[in-house]
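*Asks:* Here it is: the structure, laid out below.
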Amino acid sequence: AHDWTGTDKMLIKLKGGRVYDPANGVDGEVRDIFVRDGRIVAADPSSKVDADYDVTGRVVMAGAIDPHTHIGGGKMTIARMMLPEDHRGHEHHRTSLLRSGTGFAVPSTLAAGYRYAEMGYTAGFEPAMLPANARQAHMEMGDTPMIDKGAFAMLGSDDFLLRQMAAREDFEAIKDYIAWTMHSAQAIAVKVVNPGGISAFKFNQRKLDLDESHAYYGVSPRDILRTLSRGLMELGVTHPLHVHGCNLGVPGNVDTTLATIRAMEGLPVHLTHIQFHSYGTEGDLKFSSGAAQVAESVNQNRNISIDIGQVLFGQTCTASGDSMRQYGNTKSAHPKKWVVMGIECDAGCGVVPMRYKDKSFVNALQWAIGLELFLLVDDPWRVFLTTDHPNGAPFTTYPHLIRLLMDKGFRRDMMQKIHPDAQKASILASLDREYSLYEIAIMTRAGPARSLGLADRGHLAPGAWGDITVYKDDADREAMFTTPVYVFKNGELIVRDGQIIKVVQGATHVARPEYDKSIETSLRDYFSRFHTMSLQNFKVHDDEIIDYDKGSIVVQPTGARV
């Protein structure tokens, strides 16, 4: 691991703040926090304080972590190119400190890093990195300043794995391939998108439910999910298999989601943007909320964690590896343009701009379904705050979403503005729950850090890196979370009153489970026969991140759990 620090042995003190640190059971206690050489340290009365910040009455949390945000890779580049209208009016102007950037739904790399820091975020993780396109993804993440990054390698529709499964190869060889892919792509986790469905689309299948067989390989999504989840668990990768399930956005997909949870039989999985997978078929329009059923199943199955993928109203752009489902979404494109493509023997890509409208019954009910899920899942440690940026909404809408969760009066006022039939079809108005600051700190800091294995991020105990956000305790939670008083990255003050005062470069987090390197013998032959790049060029090497992107690499611990 290459640690980055920039504080040169200074001792910093944050005095008198109200600290919310769920990883250590601290719920609003008034405490002083000390940072030396970039890391939080225990109080030492004999030490001289070099910089003292009086944060009396302020709310202090660890830097926020976004566990699912599309900020790197080819799909985002395509989106930026095809949406010049998204650039205009959303410029981040060049200053003596900052470089110029632009974009709202799909901000440029520079703008994304700046805006995350301005909101108090210090880390964000790209959830859909095609291994064949990993170099591009890391270059874009390397060009995103201010925050730590990491990426999830996509498996489950790649030809090599499907060939292994179809041939019923030894499971150890499959594990070797999973681990080799993580090393080669410099990934921290593995994601599966519409398991097998992206590949099936290339064979003219237009849907693939949980127990349908792939037309060519003869394997089902259930087989793929269980294989990948078991493989990651036995390899000791901390973050469970990150699952974009079958039938995203399809009315009735709640049945597939519930069946997927049952199919795992206790194997750990993280179900991502689950709002898009919680739809029933009741009512005249054959579209209804399945949130209550999904939340009940999540509550009962401790092996399941989720993020929501909340829809918020306005213009955005959907960008996904799920070419099968994105092709189905093209009829709803706004503006009317889209890109759907296949990539190597790896996976696919679909980019479809979208405008969510509060007066649309479907969009309004999607909004309500996401909030129902947030409020019905009882364990905040297993539900993370996301909009599936930019698919449900841009990440800059997070403060608005937090207010919806913390303020039931505001939530009900907003509900009065949506389509009246969506109001009637939702139980949202009957839900009185209001999230506390402690629960928000779990969902946006401690929970994602624990899930991703970030042992020294997401909390404020001695030994953690000094990623700290300080907020004014404002009754208007949207205003509060929009403009932090201070943001520290590795102990350096980078944001004051919502304005960047220093530009820094974060680290790239990776996981490196052990594997038998003889897997490269069969891979080398496979690459020479089927790929347009060599095996050696496929791999992303450390120096490409450390030297060329001027970042650093933090290797997360792994351990076999056979």
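Letters for chains follow the order of the structure tokens (A, B, ...), residue numbers begin at 1 for each chain, and ligand numbers begin at 1 in the order shown.
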Name the residues in contact with stretch 386-391 of chain A at a cut-off of 8 Å, using only C-alpha atoms, excluding same-chain residues fewer than 2 positions from it; report them as a ChimeraX atom specification.

*Replies:* /A:66-70,105-106,273,307-312,316-319,384,393-395,398

*Asks:* Could you list, with a cut-off of 8 Å and counting only C-alpha atoms, the residues of stretch 158-203 of chain A near stretch 127-144 of chain A, each shown with its nearest atom pair and the distance in Å rounded to one decimal, rows sorted by chain and ascending number, as CSV?

*Replies:*
residue,atom,partner,partner_atom,distance
A:Thr181,CA,A:Pro131,CA,7.0
A:Ser184,CA,A:Pro131,CA,7.7
A:Ala185,CA,A:Pro131,CA,5.3
A:Gln186,CA,A:Ala134,CA,7.7
A:Lys191,CA,A:Ala128,CA,6.6

*Asks:* Pull the closest atom pair for each residue of stretch 404-463 of chain A that gets at most 12 Å from stretch 550-555 of chain A, along with the distance in Å to one decimal, counting only C-alpha atoms, ordering rows by chain and then ascending residue number, as a Markdown table.

*Replies:*
| residue | atom | partner | partner_atom | distance |
| --- | --- | --- | --- | --- |
| A:Leu452 | CA | A:Val555 | CA | 11.7 |
| A:Gly453 | CA | A:Val555 | CA | 10.1 |
| A:Leu454 | CA | A:Val554 | CA | 9.5 |
| A:Ala455 | CA | A:Val555 | CA | 11.1 |
| A:Asp456 | CA | A:Val554 | CA | 10.7 |
| A:Arg457 | CA | A:Val554 | CA | 11.6 |

*Asks:* Generate the output file for the selected residues, N, CA, C and O atoms, as an mmCIF file, in the first residue's frame.

*Replies:*
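Result saved to part.cif:
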data_model
loop_
_atom_site.group_PDB
_atom_site.id
_atom_site.type_symbol
_atom_site.label_atom_id
_atom_site.label_comp_id
_atom_site.auth_asym_id
_atom_site.auth_seq_id
_atom_site.Cartn_x
_atom_site.Cartn_y
_atom_site.Cartn_z
ATOM 1 N N LEU A 452 -17.224 -2.220 2.344
ATOM 2 C CA LEU A 452 -16.125 -2.222 1.380
ATOM 3 C C LEU A 452 -14.782 -2.616 2.000
ATOM 4 O O LEU A 452 -13.790 -2.744 1.282
ATOM 5 N N GLY A 453 -14.749 -2.783 3.314
ATOM 6 C CA GLY A 453 -13.504 -3.160 3.967
ATOM 7 C C GLY A 453 -12.541 -2.017 4.183
ATOM 8 O O GLY A 453 -11.327 -2.227 4.295
ATOM 9 N N LEU A 454 -13.066 -0.783 4.258
ATOM 10 C CA LEU A 454 -12.214 0.398 4.449
ATOM 11 C C LEU A 454 -11.987 0.608 5.946
ATOM 12 O O LEU A 454 -12.639 1.433 6.590
ATOM 13 N N ALA A 455 -11.059 -0.132 6.504
ATOM 14 C CA ALA A 455 -10.902 -0.164 7.955
ATOM 15 C C ALA A 455 -10.506 1.178 8.548
ATOM 16 O O ALA A 455 -10.804 1.460 9.709
ATOM 17 N N ASP A 456 -9.816 2.020 7.779
ATOM 18 C CA ASP A 456 -9.361 3.297 8.324
ATOM 19 C C ASP A 456 -10.060 4.484 7.673
ATOM 20 O O ASP A 456 -9.546 5.595 7.669
ATOM 21 N N ARG A 457 -11.245 4.268 7.127
ATOM 22 C CA ARG A 457 -12.113 5.344 6.637
ATOM 23 C C ARG A 457 -13.504 5.143 7.240
ATOM 24 O O ARG A 457 -13.831 4.080 7.761
#

*Asks:* Could you tell me which of A:Tyr53, A:Phe361, A:Phe276, A:Phe488 comes closest to A:Pro420 if we count only C-alpha atoms?

*Replies:*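 Closest residue, counting only C-alpha atoms: A:Phe361.
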
*Asks:* At a cut-off of 9 Å, using only C-alpha atoms, what residues contact A:Gln205? Leave out same-chain residues fewer than 6 positions from it and give the result as a list in words.

*Replies:* Gly197, Ser199, His214, Ala215 and Met324 of chain A

*Asks:* From the set A:Leu258, A:Ala347, A:Val237, A:Ala446, which residue has the shortest atom-to-atom contact distance to A:Ile304, counting only C-alpha atoms?

*Replies:* A:Leu258

*Asks:* Identify, on the basis of only C-alpha atoms, every residue whose closest approach to A:His334 does not exceed 7 Å; exclude the query and any residue fewer than 2 positions from it along the same chain; express the result as a PyMOL selection string.

*Replies:* chain A and resi 332+336+353-355
